[in-house]
$ cat start-v4.txt   # compact mmCIF, C-alpha atoms
# COMPACT_ATOMS: atom_id res chain seq x y z
CA MET A 1 244.08 16.32 150.21
CA ARG A 2 246.32 18.38 148.00
CA ASP A 3 243.95 21.35 148.22
CA GLY A 4 243.95 21.04 152.00
CA ASP A 5 247.73 21.17 152.02
CA HIS A 6 247.65 24.20 149.83
CA GLU A 7 245.32 26.05 152.19
CA HIS A 8 247.55 25.11 155.07
CA ASP A 9 250.56 26.53 153.25
CA SER A 10 248.77 29.80 152.53
CA GLY A 11 248.04 30.17 156.22
CA HIS A 12 251.73 29.93 156.99
CA GLU A 13 252.50 32.68 154.54
CA GLY A 14 250.20 34.96 156.50
CA SER A 15 247.49 35.41 153.89
CA THR A 16 244.85 34.10 156.29
CA ILE A 17 244.31 35.13 159.87
CA GLY A 18 244.19 32.32 162.39
CA PRO A 19 241.76 32.20 165.33
CA LEU A 20 244.50 32.93 167.83
CA GLU A 21 245.59 35.99 165.89
CA LEU A 22 241.98 37.23 166.06
CA ARG A 23 241.72 36.60 169.80
CA VAL A 24 244.98 38.42 170.47
CA ARG A 25 243.87 41.37 168.35
CA ALA A 26 240.51 41.45 170.10
CA LEU A 27 242.11 41.47 173.53
CA GLU A 28 244.55 44.18 172.49
CA THR A 29 241.62 46.32 171.31
CA VAL A 30 239.72 45.86 174.56
CA LEU A 31 242.75 46.62 176.72
CA THR A 32 243.54 49.69 174.64
CA GLN A 33 239.96 50.98 174.84
CA LYS A 34 239.95 50.42 178.59
CA GLY A 35 243.11 52.50 178.83
CA PHE A 36 245.17 49.64 180.30
CA VAL A 37 247.71 49.56 177.52
CA ASP A 38 249.23 52.16 175.23
CA PRO A 39 249.57 50.59 171.74
CA LYS A 40 252.71 52.66 171.13
CA ALA A 41 254.21 51.13 174.27
CA LEU A 42 253.50 47.68 172.83
CA ASP A 43 255.36 48.62 169.65
CA ALA A 44 258.26 49.94 171.72
CA LEU A 45 258.41 46.72 173.77
CA ILE A 46 258.50 44.59 170.63
CA ASP A 47 261.13 46.79 169.04
CA ALA A 48 263.27 46.52 172.19
CA TYR A 49 263.35 42.72 172.12
CA GLN A 50 263.43 42.33 168.37
CA CYS A 51 266.11 44.91 167.62
CA LYS A 52 267.96 46.08 170.72
CA ILE A 53 268.15 43.51 173.49
CA GLY A 54 269.73 40.25 172.37
CA PRO A 55 272.76 37.97 172.64
CA ARG A 56 275.11 40.52 171.09
CA ASN A 57 274.91 42.28 174.48
CA GLY A 58 276.13 39.19 176.27
CA ALA A 59 278.83 38.69 173.65
CA ARG A 60 280.21 42.12 174.53
CA VAL A 61 280.28 41.16 178.22
CA VAL A 62 282.18 37.94 177.43
CA ALA A 63 284.62 39.66 175.09
CA ARG A 64 285.35 42.28 177.73
CA SER A 65 285.98 39.59 180.33
CA TRP A 66 288.39 37.84 177.92
CA SER A 67 290.37 41.01 177.29
CA ASP A 68 290.28 42.75 180.67
CA PRO A 69 291.31 40.67 183.74
CA GLU A 70 290.07 43.37 186.09
CA PHE A 71 286.62 43.28 184.48
CA ARG A 72 286.63 39.45 184.58
CA ARG A 73 287.28 39.53 188.33
CA TRP A 74 284.47 42.05 188.82
CA LEU A 75 282.10 40.00 186.65
CA LEU A 76 282.70 36.85 188.69
CA GLU A 77 282.32 38.75 191.94
CA ASP A 78 279.38 41.05 191.15
CA ALA A 79 277.96 40.26 187.73
CA THR A 80 274.99 42.62 188.04
CA ALA A 81 277.26 45.63 188.56
CA ALA A 82 279.90 44.60 186.02
CA ILE A 83 277.29 43.93 183.31
CA GLY A 84 275.46 47.12 184.26
CA SER A 85 278.66 49.09 183.65
CA LEU A 86 278.37 48.14 179.96
CA GLY A 87 274.81 49.45 179.88
CA PHE A 88 272.94 46.15 180.19
CA SER A 89 270.52 45.89 183.09
CA GLY A 90 266.95 45.41 184.14
CA ARG A 91 264.03 43.14 183.40
CA GLN A 92 264.87 39.45 183.93
CA GLY A 93 268.48 40.33 184.71
CA GLU A 94 268.09 42.21 187.98
CA HIS A 95 270.28 39.71 189.85
CA MET A 96 273.04 38.33 187.63
CA VAL A 97 275.61 35.62 188.32
CA ALA A 98 278.38 34.84 185.83
CA VAL A 99 279.78 31.30 185.79
CA GLU A 100 283.04 30.60 184.03
CA ASN A 101 284.01 27.54 182.02
CA THR A 102 287.53 26.22 182.61
CA GLY A 103 289.54 23.20 181.51
CA GLU A 104 287.90 21.19 184.27
CA ILE A 105 284.41 22.70 184.53
CA HIS A 106 281.60 23.22 182.02
CA ASN A 107 278.50 25.22 183.00
CA LEU A 108 275.00 24.71 181.65
CA VAL A 109 271.95 26.89 182.38
CA VAL A 110 268.32 25.76 182.43
CA CYS A 111 265.01 26.72 183.99
CA THR A 112 263.13 23.51 184.74
CA LEU A 113 260.10 25.34 186.19
CA CYS A 114 259.42 27.81 183.38
CA SER A 115 261.77 29.72 181.10
CA CYS A 116 263.86 32.07 183.25
CA TYR A 117 266.65 33.49 181.12
CA PRO A 118 268.94 36.55 181.36
CA TRP A 119 267.07 38.90 179.02
CA PRO A 120 269.30 42.00 179.25
CA VAL A 121 272.32 40.04 177.96
CA LEU A 122 270.73 37.28 175.84
CA GLY A 123 267.33 38.69 174.81
CA LEU A 124 264.37 36.33 174.56
CA PRO A 125 265.06 32.61 174.99
CA PRO A 126 265.12 30.29 171.96
CA THR A 127 262.22 27.84 171.63
CA TRP A 128 264.27 24.81 172.68
CA TYR A 129 265.24 26.49 175.96
CA LYS A 130 261.53 26.75 176.83
CA SER A 131 260.72 23.24 175.57
CA ALA A 132 259.90 20.21 177.72
CA PRO A 133 262.73 17.99 176.40
CA TYR A 134 265.47 20.51 177.28
CA ARG A 135 264.00 21.43 180.66
CA ALA A 136 263.47 17.77 181.58
CA ARG A 137 266.83 16.39 180.45
CA ALA A 138 269.35 19.19 181.08
CA VAL A 139 269.41 18.45 184.81
CA ARG A 140 269.42 14.66 184.52
CA ASP A 141 271.30 13.86 181.34
CA PRO A 142 273.44 16.92 180.59
CA ARG A 143 275.93 14.93 178.52
CA GLY A 144 273.15 13.56 176.35
CA VAL A 145 271.74 17.07 175.88
CA LEU A 146 275.16 18.45 174.98
CA ARG A 147 275.65 15.67 172.45
CA GLU A 148 272.42 16.80 170.78
CA PHE A 149 274.05 20.19 170.42
CA GLY A 150 277.09 18.54 168.87
CA MET A 151 279.27 18.82 171.95
CA GLN A 152 281.25 15.90 173.30
CA LEU A 153 282.88 16.90 176.58
CA PRO A 154 285.90 15.00 177.88
CA GLU A 155 284.86 12.45 180.47
CA SER A 156 286.97 14.21 183.08
CA THR A 157 285.08 17.51 182.72
CA ARG A 158 282.76 18.32 185.61
CA ILE A 159 279.39 19.73 184.56
CA ARG A 160 277.74 22.36 186.69
CA ILE A 161 274.07 22.84 185.94
CA TRP A 162 272.33 25.98 187.10
CA ASP A 163 268.55 25.66 187.43
CA SER A 164 267.20 29.23 187.48
CA THR A 165 264.54 28.71 190.12
CA ALA A 166 264.54 32.24 191.60
CA GLU A 167 265.18 35.72 190.17
CA VAL A 168 268.90 35.05 189.84
CA ARG A 169 269.92 34.81 186.18
CA TYR A 170 273.01 32.96 185.00
CA LEU A 171 275.42 33.87 182.20
CA VAL A 172 278.04 31.34 181.12
CA ILE A 173 281.45 32.78 180.32
CA PRO A 174 282.84 30.34 177.74
CA ARG A 175 286.57 29.71 177.35
CA ARG A 176 288.41 32.01 175.02
CA PRO A 177 289.28 30.11 171.84
CA GLU A 178 292.93 29.42 171.02
CA GLY A 179 294.66 31.65 168.51
CA THR A 180 292.75 34.82 169.37
CA ARG A 181 295.53 36.83 170.99
CA HIS A 182 295.64 39.33 168.14
CA LEU A 183 291.89 39.99 168.04
CA SER A 184 290.21 43.18 169.20
CA GLU A 185 287.35 43.13 171.67
CA SER A 186 284.72 43.49 168.95
CA GLU A 187 286.36 40.72 166.90
CA LEU A 188 286.27 38.53 169.99
CA ALA A 189 282.59 39.37 170.57
CA ALA A 190 281.80 38.11 167.06
CA LEU A 191 283.07 34.65 168.11
CA VAL A 192 280.71 34.44 171.08
CA THR A 193 277.51 32.59 170.22
CA ARG A 194 274.25 32.69 172.14
CA ASP A 195 274.45 28.96 172.85
CA SER A 196 277.97 29.32 174.26
CA MET A 197 276.55 31.71 176.88
CA ILE A 198 273.87 29.16 177.88
CA GLY A 199 276.41 26.34 177.93
CA THR A 200 274.99 24.38 174.98
CA GLY A 201 277.70 25.51 172.61
CA LEU A 202 281.26 26.74 172.27
CA PRO A 203 282.50 30.01 170.80
CA ARG A 204 283.40 29.98 167.11
CA ALA A 205 287.01 29.38 166.15
CA PRO A 206 288.75 32.44 164.66
CA ALA A 207 288.81 32.55 160.86
CA MET B 1 243.28 23.47 197.57
CA SER B 2 243.81 21.45 194.42
CA TYR B 3 246.67 23.58 193.09
CA ARG B 4 248.82 21.75 190.62
CA SER B 5 251.80 22.94 188.59
CA ASN B 6 252.06 21.38 185.16
CA ALA B 7 255.40 23.07 184.50
CA ASP B 8 257.74 21.26 186.90
CA LEU B 9 259.64 19.25 184.28
CA GLY B 10 263.15 18.69 185.68
CA GLY B 11 264.12 15.03 185.37
CA ALA B 12 260.88 14.03 183.61
CA ASP B 13 260.93 11.29 181.00
CA GLU B 14 260.85 13.59 177.96
CA ARG B 15 262.38 11.97 174.92
CA GLY B 16 261.42 14.51 172.28
CA ALA B 17 264.21 16.00 170.21
CA ILE B 18 265.75 19.32 171.18
CA ILE B 19 265.45 21.39 168.04
CA ARG B 20 268.20 23.95 167.64
CA GLU B 21 267.37 27.42 166.48
CA PRO B 22 269.50 30.14 164.90
CA GLU B 23 270.23 33.30 166.81
CA GLY B 24 267.83 36.13 166.03
CA GLU B 25 264.85 33.87 165.36
CA VAL B 26 262.75 35.36 168.13
CA PHE B 27 259.12 34.96 167.04
CA HIS B 28 257.35 32.34 164.92
CA ALA B 29 253.94 33.93 164.24
CA PRO B 30 252.80 37.55 163.93
CA TRP B 31 250.68 37.34 167.08
CA GLU B 32 253.55 36.18 169.28
CA PRO B 33 255.23 39.58 169.70
CA ARG B 34 251.82 41.13 170.45
CA VAL B 35 251.27 38.57 173.25
CA LEU B 36 254.73 39.25 174.64
CA ALA B 37 254.13 43.00 174.63
CA LEU B 38 250.58 42.76 176.02
CA THR B 39 251.82 40.56 178.84
CA LEU B 40 254.71 42.89 179.72
CA ALA B 41 252.48 45.96 179.52
CA MET B 42 249.77 44.37 181.67
CA ASN B 43 252.36 43.14 184.20
CA ALA B 44 253.45 46.78 184.48
CA THR B 45 249.94 47.94 185.45
CA GLY B 46 250.27 46.55 188.98
CA LEU B 47 246.99 44.60 188.71
CA TRP B 48 249.00 41.47 189.61
CA ASN B 49 252.60 40.58 190.32
CA LEU B 50 255.25 38.44 188.61
CA ASP B 51 254.65 35.45 190.89
CA MET B 52 250.91 35.54 190.23
CA SER B 53 251.56 35.49 186.50
CA ARG B 54 253.94 32.51 186.86
CA ALA B 55 251.31 30.69 188.93
CA ALA B 56 248.66 31.46 186.30
CA ARG B 57 250.86 29.93 183.60
CA GLU B 58 252.07 26.80 185.36
CA SER B 59 248.59 25.89 186.64
CA LEU B 60 246.97 25.94 183.18
CA VAL B 61 245.31 22.55 182.73
CA ASP B 62 246.46 22.34 179.09
CA TYR B 63 249.98 23.70 179.80
CA ARG B 64 251.69 20.73 178.21
CA THR B 65 249.84 20.97 174.91
CA LEU B 66 250.25 24.71 174.39
CA SER B 67 253.15 26.54 172.80
CA TYR B 68 255.08 29.07 174.89
CA TYR B 69 253.20 32.17 173.76
CA GLU B 70 249.89 30.30 173.81
CA ILE B 71 250.65 29.69 177.50
CA TRP B 72 251.36 33.37 177.99
CA PHE B 73 248.14 34.35 176.27
CA ALA B 74 245.97 31.85 178.16
CA ALA B 75 247.50 33.03 181.45
CA LEU B 76 246.89 36.66 180.53
CA GLU B 77 243.24 35.89 179.85
CA LYS B 78 243.02 34.04 183.17
CA LEU B 79 244.66 36.87 185.14
CA LEU B 80 242.32 39.40 183.54
CA SER B 81 239.32 37.23 184.26
CA ASP B 82 240.38 36.66 187.90
CA SER B 83 241.00 40.39 188.39
CA GLY B 84 237.49 41.18 187.18
CA VAL B 85 238.61 44.45 185.57
CA LEU B 86 237.11 43.71 182.18
CA LYS B 87 233.64 43.44 183.69
CA GLU B 88 233.79 46.76 185.54
CA PRO B 89 233.00 49.64 183.18
CA ALA B 90 234.94 52.16 185.24
CA ALA B 91 237.94 49.99 186.12
CA ALA B 92 241.30 51.70 185.83
CA ALA B 93 244.83 50.32 186.00
CA PRO B 94 246.97 51.56 188.89
CA ARG B 95 249.67 52.36 186.30
CA VAL B 96 249.81 52.48 182.53
CA LEU B 97 253.10 51.92 180.73
CA ARG B 98 253.69 54.66 178.13
CA ALA B 99 255.90 54.31 175.08
CA ALA B 100 258.31 56.94 176.37
CA GLN B 101 258.82 54.95 179.58
CA VAL B 102 259.53 51.58 177.96
CA ALA B 103 263.33 51.77 177.65
CA ALA B 104 263.82 53.06 181.19
CA THR B 105 261.29 50.61 182.64
CA LEU B 106 263.03 47.64 181.02
CA ALA B 107 266.48 48.90 182.06
CA ARG B 108 265.30 49.31 185.65
CA GLY B 109 263.47 45.98 185.88
CA SER B 110 261.96 44.90 189.19
CA PRO B 111 264.72 43.89 191.58
CA CYS B 112 263.52 41.34 194.15
CA ALA B 113 266.14 41.91 196.86
CA ARG B 114 264.68 43.30 200.09
CA ALA B 115 266.01 44.24 203.51
CA PRO B 116 266.12 41.05 205.60
CA ALA B 117 263.92 40.93 208.69
CA ARG B 118 266.43 38.75 210.58
CA ALA B 119 269.84 37.15 210.28
CA ALA B 120 270.40 34.36 207.76
CA ARG B 121 269.98 30.87 209.16
CA PHE B 122 272.59 29.31 206.85
CA ALA B 123 276.05 30.22 205.58
CA VAL B 124 278.20 29.12 202.65
CA GLY B 125 279.41 25.56 203.26
CA ASP B 126 276.45 24.53 205.42
CA ARG B 127 274.81 21.21 204.61
CA VAL B 128 271.05 21.52 204.24
CA ARG B 129 268.12 19.32 203.31
CA THR B 130 265.19 20.54 201.24
CA ARG B 131 261.63 20.07 202.38
CA GLN B 132 259.82 16.98 201.29
CA ASP B 133 256.22 18.18 201.30
CA VAL B 134 254.45 19.52 198.22
CA PRO B 135 252.70 22.80 199.01
CA ALA B 136 249.21 23.33 197.61
CA HIS B 137 250.21 26.59 195.94
CA HIS B 138 252.84 28.13 193.67
CA THR B 139 256.37 27.30 194.83
CA ARG B 140 259.84 27.38 193.30
CA LEU B 141 261.44 24.25 194.67
CA PRO B 142 261.49 21.75 191.78
CA GLY B 143 260.11 18.30 192.49
CA TYR B 144 263.41 16.57 191.71
CA ALA B 145 265.12 18.63 194.45
CA ARG B 146 262.60 17.89 197.22
CA GLY B 147 263.84 16.04 200.29
CA LYS B 148 267.47 16.16 199.06
CA ALA B 149 270.70 17.05 200.85
CA GLY B 150 272.99 19.70 199.38
CA VAL B 151 275.47 22.41 200.26
CA VAL B 152 275.00 26.17 200.42
CA THR B 153 277.32 27.73 197.85
CA ARG B 154 276.04 31.30 197.77
CA VAL B 155 273.91 33.59 199.93
CA HIS B 156 271.95 36.11 197.86
CA GLY B 157 270.33 38.17 200.60
CA ALA B 158 266.60 38.34 201.23
CA HIS B 159 264.34 38.14 198.17
CA VAL B 160 260.58 38.39 197.63
CA PHE B 161 259.09 35.00 198.54
CA PRO B 162 257.05 33.64 195.60
CA ASP B 163 255.07 31.19 197.74
CA ALA B 164 253.50 34.15 199.55
CA ASN B 165 253.59 36.81 196.83
CA SER B 166 251.84 34.58 194.29
CA ARG B 167 248.88 34.26 196.65
CA GLY B 168 248.53 37.96 197.38
CA LEU B 169 249.92 37.52 200.90
CA GLY B 170 252.61 40.17 200.48
CA GLU B 171 256.28 39.93 199.59
CA CYS B 172 257.35 38.27 202.90
CA PRO B 173 261.07 38.47 201.95
CA GLN B 174 263.13 35.41 202.85
CA TRP B 175 266.83 34.61 202.58
CA LEU B 176 267.73 33.11 199.24
CA TYR B 177 270.58 30.61 198.80
CA THR B 178 272.18 28.66 196.00
CA ILE B 179 272.21 24.99 196.93
CA ALA B 180 274.44 22.51 195.07
CA PHE B 181 273.40 18.87 194.87
CA GLU B 182 275.60 15.97 193.78
CA GLU B 183 274.02 14.04 190.93
CA ARG B 184 273.74 10.77 192.89
CA GLU B 185 271.72 12.49 195.59
CA LEU B 186 269.21 13.55 192.93
CA TRP B 187 269.16 10.68 190.47
CA GLY B 188 270.62 7.64 192.19
CA ASP B 189 273.90 5.82 192.51
CA ASP B 190 274.25 4.74 188.89
CA THR B 191 274.39 8.33 187.59
CA VAL B 192 277.70 8.89 185.84
CA GLN B 193 277.45 12.35 184.31
CA ARG B 194 280.02 13.94 186.65
CA SER B 195 277.58 16.74 187.32
CA THR B 196 276.22 18.88 190.10
CA VAL B 197 272.90 20.67 189.90
CA SER B 198 272.38 23.97 191.70
CA VAL B 199 269.03 25.52 192.49
CA ASP B 200 268.21 28.80 194.16
CA ALA B 201 266.12 28.08 197.25
CA TRP B 202 264.46 30.29 199.84
CA GLU B 203 265.10 29.65 203.53
CA PRO B 204 261.64 28.15 204.26
CA TYR B 205 262.48 25.37 201.77
CA LEU B 206 265.49 24.30 203.85
CA GLU B 207 266.35 22.49 207.06
CA PRO B 208 269.82 21.84 208.50
CA ALA B 209 271.08 18.47 207.24

$ encode --input "start-v4.txt" --output "structure tokens"
Amino acid sequence: MRDGDHEHDSGHEGSTIGPLELRVRALETVLTQKGFVDPKALDALIDAYQCKIGPRNGARVVARSWSDPEFRRWLLEDATAAIGSLGFSGRQGEHMVAVENTGEIHNLVVCTLCSCYPWPVLGLPPTWYKSAPYRARAVRDPRGVLREFGMQLPESTRIRIWDSTAEVRYLVIPRRPEGTRHLSESELAALVTRDSMIGTGLPRAPA
Amino acid sequence: MSYRSNADLGGADERGAIIREPEGEVFHAPWEPRVLALTLAMNATGLWNLDMSRAARESLVDYRTLSYYEIWFAALEKLLSDSGVLKEPAAAAPRVLRAAQVAATLARGSPCARAPARAARFAVGDRVRTRQDVPAHHTRLPGYARGKAGVVTRVHGAHVFPDANSRGLGECPQWLYTIAFEERELWGDDTVQRSTVSVDAWEPYLEPA
């Protein structure tokens, strides 16, 4: 039993190659030999989503909307163009809508049918966003889901849930935390968490 | 004729815990990024379209037991098998994504808005009812929102229609609307979440209410 556990642990450290790993490698080899994929393009795709395209992009959008009323108006009216003006556009964010939290309204984004998510501003979705429990319960028991994320909304708050069933992608603009008047745009961006832009969290409080 | 989506989870009785994850934790095994990249690169070849790849994923018989990237990989194998290209020695992809094109290709994306063939049937504020029937093919109206009355809150223009595009019947653009439903309409009178749920729905999914 103990030996079995040990072997299992070694596998997790990457010293053995699992069957799936082998199948993926085999398929990559075939597709490369056939000329369907360029292995350097695969590396570039991975680098893009591992290092370049992630929630720090969205945080910049939110911070700009907090500090520039003109930009905020544009973002709420035509999010695709406003976000594009900061250099974020494209795959899985071709048609953006920004939804703003207020004292009365809290927004929550889900994709009950698969895992649609605004990649240009948030990167790849976290595992829970793609999981059955979140997708099943976010539409039906949003308060219960938010409690699991440590959020207790006032009873009077209306919750608006956006189920991303088409190619429209939703970005939540959280409320600007109190006591942040003196902060620069990049300091504000540092307060914006990924979860706050999905609606399952709030921005950090300033230090 | 026996098409079935195993991915339509909204409102299902799923009691498992939602496990939070720190920002920046993108992959959980070394093969996962390779599957992501292979899928994106193969989607770019033009051998199939986005809606076909969604249909391939959601119709996997073992969808519910697979992890996310296992689903992607199984669907990629299925799409390749259905396309037949691996069996043909001389098969070529219509397009091949090169490393130098990756950044621009991602930044461009694949917008789905198209010129509408006719005027929109509905306007913001209209009350509509979603269709009740379950089509025997890929569709994007979630089960929990079938046969329900809601209000049009946004008109997005005409977009590629997944129900047709996923079956190779062409893009057949249709008007796309955001429809807001009150929680009691969806879940019954004892729902007390103070919530509305909005879905994006194509015109063929809707009737005047």

$ residues_around --input "start-v4.txt" --residues "Trp31 of chain B" --least-positions-apart "5" --cutoff "12 Å" --atoms "all atoms listed in the file" --output "PyMOL selection string"
(chain A and resi 14+17-28+46) or (chain B and resi 36-38+69-70+72-73)

$ atom_distance --input "start-v4.txt" --atom1 "atom CA of Ile198 of chain A" --atom2 "atom CA of Tyr129 of chain A"
9.2 Å

$ interface_residues --input "start-v4.txt" --of "chain B" --to "chain A" --cutoff "6 Å" --atoms "all atoms listed in the file" --output "PDB file with C-alpha atoms, in the frame of the given file"
ATOM      1  CA  ALA B   7     255.400  23.070 184.500  1.00  0.00           C
ATOM      2  CA  ASP B   8     257.740  21.260 186.900  1.00  0.00           C
ATOM      3  CA  LEU B   9     259.640  19.250 184.280  1.00  0.00           C
ATOM      4  CA  GLY B  10     263.150  18.690 185.680  1.00  0.00           C
ATOM      5  CA  GLY B  11     264.120  15.030 185.370  1.00  0.00           C
ATOM      6  CA  ALA B  12     260.880  14.030 183.610  1.00  0.00           C
ATOM      7  CA  GLU B  14     260.850  13.590 177.960  1.00  0.00           C
ATOM      8  CA  GLY B  16     261.420  14.510 172.280  1.00  0.00           C
ATOM      9  CA  ILE B  18     265.750  19.320 171.180  1.00  0.00           C
ATOM     10  CA  ILE B  19     265.450  21.390 168.040  1.00  0.00           C
ATOM     11  CA  TRP B  31     250.680  37.340 167.080  1.00  0.00           C
ATOM     12  CA  ALA B  37     254.130  43.000 174.630  1.00  0.00           C
ATOM     13  CA  ALA B  93     244.830  50.320 186.000  1.00  0.00           C
ATOM     14  CA  VAL B  96     249.810  52.480 182.530  1.00  0.00           C
ATOM     15  CA  ARG B  98     253.690  54.660 178.130  1.00  0.00           C
ATOM     16  CA  ALA B  99     255.900  54.310 175.080  1.00  0.00           C
ATOM     17  CA  LEU B 106     263.030  47.640 181.020  1.00  0.00           C
ATOM     18  CA  ALA B 107     266.480  48.900 182.060  1.00  0.00           C
ATOM     19  CA  ARG B 108     265.300  49.310 185.650  1.00  0.00           C
ATOM     20  CA  GLY B 109     263.470  45.980 185.880  1.00  0.00           C
ATOM     21  CA  PRO B 111     264.720  43.890 191.580  1.00  0.00           C
ATOM     22  CA  ARG B 140     259.840  27.380 193.300  1.00  0.00           C
ATOM     23  CA  ARG B 194     280.020  13.940 186.650  1.00  0.00           C
ATOM     24  CA  SER B 195     277.580  16.740 187.320  1.00  0.00           C
ATOM     25  CA  THR B 196     276.220  18.880 190.100  1.00  0.00           C
ATOM     26  CA  VAL B 197     272.900  20.670 189.900  1.00  0.00           C
ATOM     27  CA  SER B 198     272.380  23.970 191.700  1.00  0.00           C
ATOM     28  CA  VAL B 199     269.030  25.520 192.490  1.00  0.00           C
ATOM     29  CA  ASP B 200     268.210  28.800 194.160  1.00  0.00           C
TER      30      ASP B 200
END

$ closest_residue --input "start-v4.txt" --among "A:Ser67, A:Ser196, A:Asn101, A:Ser85" --to "Thr180 of chain A" --atoms "all atoms listed in the file"
A:Ser67

$ atom_distance --input "start-v4.txt" --atom1 "atom CA of Gln152 of chain A" --atom2 "atom CA of Ser184 of chain A"
29.0 Å

$ atom_distance --input "start-v4.txt" --atom1 "atom CA of Arg60 of chain A" --atom2 "atom CA of Leu146 of chain A"
24.2 Å

$ closest_residue --input "start-v4.txt" --among "B:Thr39, B:Thr139, B:Gln132, B:Ser110" --to "Phe161 of chain B" --atoms "all atoms listed in the file"
B:Thr139
